[in-house]
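Enquirer: model-v3.txt is reproduced below (compact mmCIF, C-alpha atoms).
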```txt
# COMPACT_ATOMS: atom_id res chain seq x y z
CA MET M 11 51.01 -14.23 55.12
CA ALA M 12 53.09 -14.43 51.93
CA LEU M 13 50.01 -13.69 49.86
CA MET M 14 49.10 -10.70 52.02
CA LYS M 15 52.66 -9.36 51.72
CA ILE M 16 52.63 -9.41 47.95
CA VAL M 17 49.16 -7.87 47.83
CA LEU M 18 50.41 -5.00 49.99
CA LEU M 19 53.52 -4.53 47.85
CA LEU M 20 51.52 -4.41 44.65
CA GLY M 21 48.92 -2.13 46.14
CA LEU M 22 51.62 0.35 47.14
CA GLY M 23 53.26 0.14 43.72
CA VAL M 24 56.71 -0.43 45.25
CA SER M 25 59.74 -1.81 43.47
CA VAL M 26 60.31 -5.52 44.03
CA ASN M 27 63.06 -7.87 42.88
CA SER M 28 63.74 -11.35 44.27
CA ALA M 29 60.22 -11.62 45.65
CA VAL M 30 58.48 -10.77 42.40
CA SER M 31 59.25 -11.72 38.81
CA LEU M 32 57.90 -8.92 36.61
CA GLN M 33 57.81 -10.90 33.41
CA LYS M 34 57.39 -8.71 30.35
CA ARG M 35 56.82 -5.07 29.79
CA ILE M 36 55.89 -2.95 26.78
CA ILE M 37 58.82 -1.17 25.10
CA GLY M 38 58.35 1.83 22.83
CA GLY M 39 54.70 2.35 23.69
CA GLN M 40 52.59 5.06 25.26
CA ASN M 41 49.91 5.44 27.92
CA CYS M 42 46.76 3.54 27.00
CA VAL M 43 43.63 5.66 26.61
CA ASP M 44 41.78 5.83 29.93
CA THR M 45 38.47 4.77 28.40
CA GLU M 46 39.89 1.64 26.75
CA ARG M 47 41.05 -1.77 28.08
CA LEU M 48 38.98 -1.46 31.26
CA TYR M 49 38.89 -5.29 31.22
CA HIS M 50 42.68 -5.56 31.73
CA VAL M 51 43.59 -7.79 34.68
CA ARG M 52 46.82 -7.96 36.66
CA MET M 53 47.42 -11.41 38.13
CA ALA M 54 49.72 -12.17 41.04
CA ILE M 55 50.58 -15.87 41.10
CA THR M 56 52.49 -16.79 44.26
CA ASN M 57 54.30 -19.94 45.41
CA GLU M 58 56.59 -20.39 48.43
CA LYS M 59 59.54 -18.58 46.82
CA SER M 60 58.28 -15.95 44.41
CA THR M 61 55.37 -14.18 42.78
CA THR M 62 54.89 -13.93 39.02
CA ILE M 63 52.98 -11.01 37.55
CA CYS M 64 50.99 -11.57 34.37
CA GLY M 65 48.32 -9.79 32.40
CA GLY M 66 44.92 -11.09 31.42
CA SER M 67 41.51 -10.08 30.12
CA LEU M 68 38.11 -10.34 31.74
CA ILE M 69 36.05 -11.93 28.92
CA HIS M 70 33.07 -12.92 31.08
CA PRO M 71 31.92 -11.72 34.54
CA GLN M 72 33.63 -14.79 36.06
CA TRP M 73 36.37 -15.74 33.56
CA ILE M 74 39.84 -14.44 32.69
CA LEU M 75 41.67 -15.30 29.46
CA THR M 76 45.46 -15.43 29.78
CA ALA M 77 48.60 -17.46 28.97
CA ALA M 78 49.19 -20.93 30.41
CA SER M 79 52.86 -20.07 30.98
CA CYS M 80 51.69 -17.88 33.86
CA TRP M 81 50.97 -21.14 35.73
CA GLU M 82 54.19 -23.12 35.47
CA LEU M 83 55.61 -23.29 38.98
CA GLY M 84 53.18 -25.64 40.67
CA PRO M 85 50.73 -25.12 43.59
CA ARG M 86 50.30 -21.49 44.59
CA ASN M 87 48.00 -18.75 45.77
CA ASN M 88 46.41 -16.76 42.98
CA VAL M 89 44.78 -13.37 42.99
CA ALA M 90 43.51 -11.12 40.23
CA PHE M 91 43.47 -7.33 40.35
CA LEU M 92 40.67 -5.78 38.33
CA LYS M 93 40.13 -2.05 37.70
CA VAL M 94 43.88 -1.54 37.33
CA HIS M 95 43.20 0.75 34.36
CA PRO M 96 42.74 3.64 34.45
CA LYS M 97 44.71 4.48 37.58
CA THR M 98 41.88 6.71 38.80
CA ALA M 99 39.79 3.57 39.41
CA GLN M 100 39.73 1.70 42.72
CA GLU M 101 41.50 -1.65 42.27
CA ASN M 102 39.37 -4.68 43.00
CA LEU M 103 41.02 -7.84 44.36
CA GLN M 104 39.47 -11.18 43.37
CA ILE M 105 40.41 -14.75 44.25
CA ILE M 106 40.99 -17.21 41.40
CA VAL M 107 39.28 -20.60 41.70
CA GLN M 108 41.70 -23.49 41.13
CA PRO M 109 42.53 -25.35 38.98
CA PRO M 110 42.92 -23.45 35.70
CA VAL M 111 41.33 -24.73 32.52
CA LEU M 112 44.16 -25.55 30.10
CA TYR M 113 43.93 -26.37 26.41
CA ARG M 114 45.60 -29.60 25.33
CA GLU M 115 45.80 -31.23 21.92
CA ASP M 116 47.59 -34.49 21.14
CA SER M 117 49.16 -34.42 24.65
CA ARG M 118 50.59 -30.98 23.84
CA LYS M 119 49.88 -28.12 26.26
CA HIS M 120 49.10 -24.87 24.47
CA ASP M 121 50.07 -21.52 25.98
CA ILE M 122 46.51 -20.38 26.64
CA MET M 123 44.22 -20.86 29.63
CA LEU M 124 41.06 -19.74 31.35
CA LEU M 125 40.87 -18.83 35.03
CA LYS M 126 37.62 -18.71 36.96
CA LEU M 127 37.00 -16.07 39.60
CA GLN M 128 35.47 -17.01 42.93
CA LYS M 129 32.51 -14.76 42.26
CA PRO M 130 31.20 -12.84 39.23
CA VAL M 131 32.32 -9.25 38.64
CA THR M 132 29.46 -6.82 38.11
CA ASP M 133 31.22 -3.46 37.74
CA VAL M 134 33.86 -4.11 35.05
CA PRO M 135 33.04 -4.25 31.31
CA VAL M 136 34.16 -7.48 29.67
CA ALA M 137 36.41 -7.69 26.60
CA LYS M 138 34.93 -8.52 23.22
CA LEU M 139 35.99 -11.82 21.66
CA PRO M 140 37.06 -11.72 17.99
CA ASP M 141 34.93 -11.91 14.88
CA CYS M 142 36.61 -15.00 13.48
CA SER M 143 34.88 -14.64 10.13
CA LYS M 144 37.37 -11.80 9.64
CA ARG M 145 40.79 -13.25 10.38
CA LEU M 146 43.94 -11.18 10.73
CA LYS M 147 46.05 -10.57 7.63
CA ILE M 148 49.73 -9.72 7.23
CA GLY M 149 50.03 -5.96 7.51
CA ASP M 150 47.09 -5.49 9.91
CA THR M 151 47.88 -3.27 12.90
CA VAL M 152 47.22 -4.79 16.32
CA GLN M 153 47.61 -3.23 19.76
CA LEU M 154 49.51 -4.88 22.61
CA ALA M 155 49.48 -3.69 26.22
CA GLY M 156 51.20 -4.30 29.56
CA GLU M 157 51.97 -2.83 32.96
CA GLY M 158 55.63 -3.65 33.41
CA GLU M 159 58.80 -1.64 33.17
CA THR M 160 59.36 0.26 29.92
CA THR M 161 63.17 0.27 29.79
CA THR M 162 65.84 -2.30 28.96
CA GLY M 163 69.27 -3.09 30.34
CA PRO M 164 72.67 -2.96 28.59
CA ASN M 165 72.53 -4.02 24.92
CA ASP M 166 68.72 -4.01 25.13
CA ARG M 167 68.70 -6.93 27.55
CA ARG M 168 65.29 -7.56 29.01
CA LEU M 169 65.01 -6.79 32.72
CA ARG M 170 63.38 -9.41 34.90
CA SER M 171 62.45 -7.11 37.77
CA GLY M 172 61.70 -3.49 38.42
CA ARG M 173 58.93 -1.01 39.09
CA MET M 174 55.59 -1.44 37.38
CA ALA M 175 54.62 1.28 34.94
CA LYS M 176 52.60 4.09 36.47
CA HIS M 177 50.08 3.73 33.64
CA LEU M 178 49.05 0.78 31.46
CA GLN M 179 51.22 0.93 28.33
CA CYS M 180 49.94 0.32 24.79
CA VAL M 181 51.91 -0.22 21.59
CA ASP M 182 50.84 -0.75 17.97
CA MET M 183 52.53 -3.40 15.85
CA LYS M 184 51.92 -4.91 12.43
CA VAL M 185 51.11 -8.58 11.87
CA VAL M 186 54.07 -10.21 10.12
CA LEU M 187 53.00 -13.87 10.31
CA ILE M 188 49.46 -15.25 10.28
CA SER M 189 48.27 -18.26 12.23
CA GLN M 190 50.68 -21.19 12.31
CA SER M 191 51.13 -24.19 14.56
CA ARG M 192 54.08 -24.24 16.95
CA SER M 193 55.07 -26.52 19.81
CA PHE M 194 53.12 -24.34 22.26
CA GLY M 195 50.02 -23.85 20.09
CA TYR M 196 48.60 -21.74 17.28
CA ILE M 197 50.20 -18.32 16.98
CA PHE M 198 50.56 -15.23 14.87
CA ARG M 199 53.44 -12.76 15.16
CA ALA M 200 53.64 -8.97 15.26
CA ALA M 201 56.58 -6.59 15.03
CA GLU M 202 57.57 -2.93 14.72
CA PRO M 203 61.03 -1.30 14.90
CA ASN M 204 62.16 -0.53 18.47
CA LYS M 205 58.93 -1.87 19.96
CA ASP M 206 58.41 -5.07 21.91
CA ALA M 207 56.68 -6.97 24.71
CA CYS M 208 59.01 -8.68 27.15
CA TYR M 209 59.09 -11.11 30.13
CA GLY M 210 55.62 -11.21 31.70
CA ASP M 211 53.17 -8.97 29.76
CA ASN M 212 52.48 -12.63 29.21
CA GLY M 213 48.75 -13.17 29.02
CA SER M 214 47.77 -9.60 28.12
CA ALA M 215 45.36 -8.99 25.27
CA VAL M 216 46.29 -8.22 21.68
CA VAL M 217 43.48 -6.14 20.21
CA PHE M 218 42.21 -5.53 16.68
CA ASN M 219 39.07 -3.47 15.97
CA ASP M 220 38.41 -3.33 19.74
CA MET M 221 38.29 -7.15 19.98
CA VAL M 222 40.74 -9.58 21.61
CA TYR M 223 42.33 -11.49 18.74
CA GLY M 224 45.41 -12.63 20.65
CA VAL M 225 47.15 -13.36 23.96
CA ILE M 226 50.81 -12.41 24.38
CA SER M 227 52.85 -15.59 24.76
CA VAL M 228 56.24 -16.37 26.29
CA ASP M 229 59.36 -15.40 24.33
CA THR M 230 62.67 -17.12 25.09
CA SER M 231 64.86 -14.30 23.74
CA HIS M 232 66.82 -12.40 26.41
CA TYR M 233 67.09 -9.28 24.27
CA ALA M 234 64.34 -6.88 23.23
CA CYS M 235 63.37 -5.84 19.70
CA LYS M 236 65.30 -8.71 18.07
CA LYS M 237 62.38 -10.75 16.74
CA PRO M 238 58.58 -10.54 16.40
CA VAL M 239 56.31 -11.06 19.38
CA SER M 240 54.60 -14.46 19.58
CA ILE M 241 50.84 -14.18 20.13
CA MET M 242 48.36 -16.98 20.75
CA ASP M 243 45.67 -16.84 18.04
CA VAL M 244 42.37 -16.64 19.93
CA CYS M 245 40.33 -17.58 16.83
CA GLU M 246 41.97 -21.01 16.86
CA TYR M 247 40.56 -21.55 20.38
CA ILE M 248 37.24 -19.72 20.17
CA GLY M 249 35.11 -22.87 20.29
CA TRP M 250 36.94 -24.16 23.38
CA ILE M 251 36.65 -20.76 25.08
CA LYS M 252 32.89 -20.47 24.51
CA THR M 253 32.21 -24.08 25.49
CA THR M 254 34.26 -23.79 28.69
CA ILE M 255 32.53 -20.60 29.80
CA ALA M 256 29.10 -22.02 29.05
CA HIS M 257 29.51 -25.34 30.90
CA LYS M 258 31.73 -24.78 33.94
```
Here is a file; write its structure as structure tokens.

Expert:
Amino acid sequence: MALMKIVLLLGLGVSVNSAVSLQKRIIGGQNCVDTERLYHVRMAITNEKSTTICGGSLIHPQWILTAASCWELGPRNNVAFLKVHPKTAQENLQIIVQPPVLYREDSRKHDIMLLKLQKPVTDVPVAKLPDCSKRLKIGDTVQLAGEGETTTGPNDRRLRSGRMAKHLQCVDMKVVLISQSRSFGYIFRAAEPNKDACYGDNGSAVVFNDMVYGVISVDTSHYACKKPVSIMDVCEYIGWIKTTIAHK
């Protein structure tokens, strides 16, 4: 019943607060082009008390690439909405097979994961994985995207709940730090004045030359546009991604 309630709420596009944590939205962006990012996925991850909304990318007919921090609250129901962009498409609800496939190294959990759908998707184009022979450089322009709210609170404080954007939002940023190891994995960072990704665009794709080079990761700052966005570096995980998809 709880799962059906949240599916109905999301399908109607209504504003939700205590029931749904809308983690992260794009600030300072614009409507994404209708012919791009058709692989974007909206995930609703529900436990007994709340539902977290995250982004993701369909990278294979049965696999979604997203952030592991979308899976932190324990056992839950999980659904994925495909065809959320463009809005003229008919949304397609899919069930996620548990458990997720997480990446671990030296007992450290990295903020990246793969989720398997219950059945393959045949009518959605999949995202292109990166050409890792051509790594990102400082100064390269990457594109981030998300569905959440596009405004901030007083003093640019990030809002944790609100109405989803009527249209998938895209924003261009420049790479300011190339791949480095952090406690939550291998990341690069991107920034641009008065532009940001906030609580819960978590898991959405970061694109360069029409390929997914990154996954937006969690940011602990409560205020927008104060520091660069942390992005999981997909090239650091490309072997794991391809092996997982091929053997599970």

Enquirer: Using all atoms listed in the file and a cutoff of 7 Å, can you tell me which residues are near (37.6, -4.4, 37.1) in the file's coordinates, and write them out as a PyMOL selection string?

Expert: chain M and resi 48-49+92-94+102+133-134

Enquirer: Separation of CA of Lys147 in chain M and CA of Val225 in chain M, in Å?

Expert: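 So the two atoms, CA of Lys147 in chain M and CA of Val225 in chain M, lie 16.6 Å apart.
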
Enquirer: How close does range 95-158 of chain M get to range 208-221 of chain M? List, as CSV, each residue of range 95-158 of chain M within 10 Å, its nearest atom pair and the distance in Å to one decimal, counting all atoms listed in the file.

Expert:
```
residue,atom,partner,partner_atom,distance
M:Asp121,CA,M:Gly213,CA,9.0
M:Ile122,CA,M:Gly213,CA,7.9
M:Met123,CA,M:Gly213,CA,8.9
M:Ala137,CA,M:Met221,CA,6.9
M:Lys138,CA,M:Met221,CA,4.9
M:Leu139,CA,M:Met221,CA,5.5
M:Pro140,CA,M:Met221,CA,5.1
M:Asp141,CA,M:Met221,CA,7.7
M:Leu146,CA,M:Phe218,CA,8.4
M:Asp150,CA,M:Phe218,CA,8.3
M:Thr151,CA,M:Phe218,CA,7.2
M:Val152,CA,M:Phe218,CA,5.1
M:Gln153,CA,M:Val217,CA,5.1
M:Leu154,CA,M:Val216,CA,4.7
M:Ala155,CA,M:Ser214,CA,6.4
M:Gly156,CA,M:Asp211,CA,5.1
M:Glu157,CA,M:Asp211,CA,7.0
M:Gly158,CA,M:Asp211,CA,6.9
```

Enquirer: With a distance cut-off of 7 Å and all atoms listed in the file, select the neighbouring residues of Cys42 in chain M, excluding the residue or stretch itself and same-chain residues fewer than 4 positions from it, and output the selection as a compact mmCIF listing (two decimals) with C-alpha atoms, in the frame of the given file.

Expert:
```txt
# COMPACT_ATOMS: atom_id res chain seq x y z
CA LEU M 178 49.05 0.78 31.46
CA GLN M 179 51.22 0.93 28.33
CA CYS M 180 49.94 0.32 24.79
```

Enquirer: Around the point (42.3, 3.8, 31.7) (coordinates from the file), which residues reach within 7 Å if we count only C-alpha atoms? Answer as JSON, numbers by chain.

Expert: {"M": [42, 43, 44, 45, 46, 47, 48, 95, 96, 97]}

Enquirer: Rounded to one decimal place, report the CA of Met183 in chain M-CA of Val222 in chain M distance in Å.

Expert: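 Going from CA of Met183 in chain M over to CA of Val222 in chain M covers 14.5 Å.
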
Enquirer: Would you compute the distance between CA of Cys142 in chain M and CA of Lys252 in chain M? Give it in Å to one decimal.

Expert: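 Atom-to-atom, CA of Cys142 in chain M to CA of Lys252 in chain M, that is 12.9 Å.
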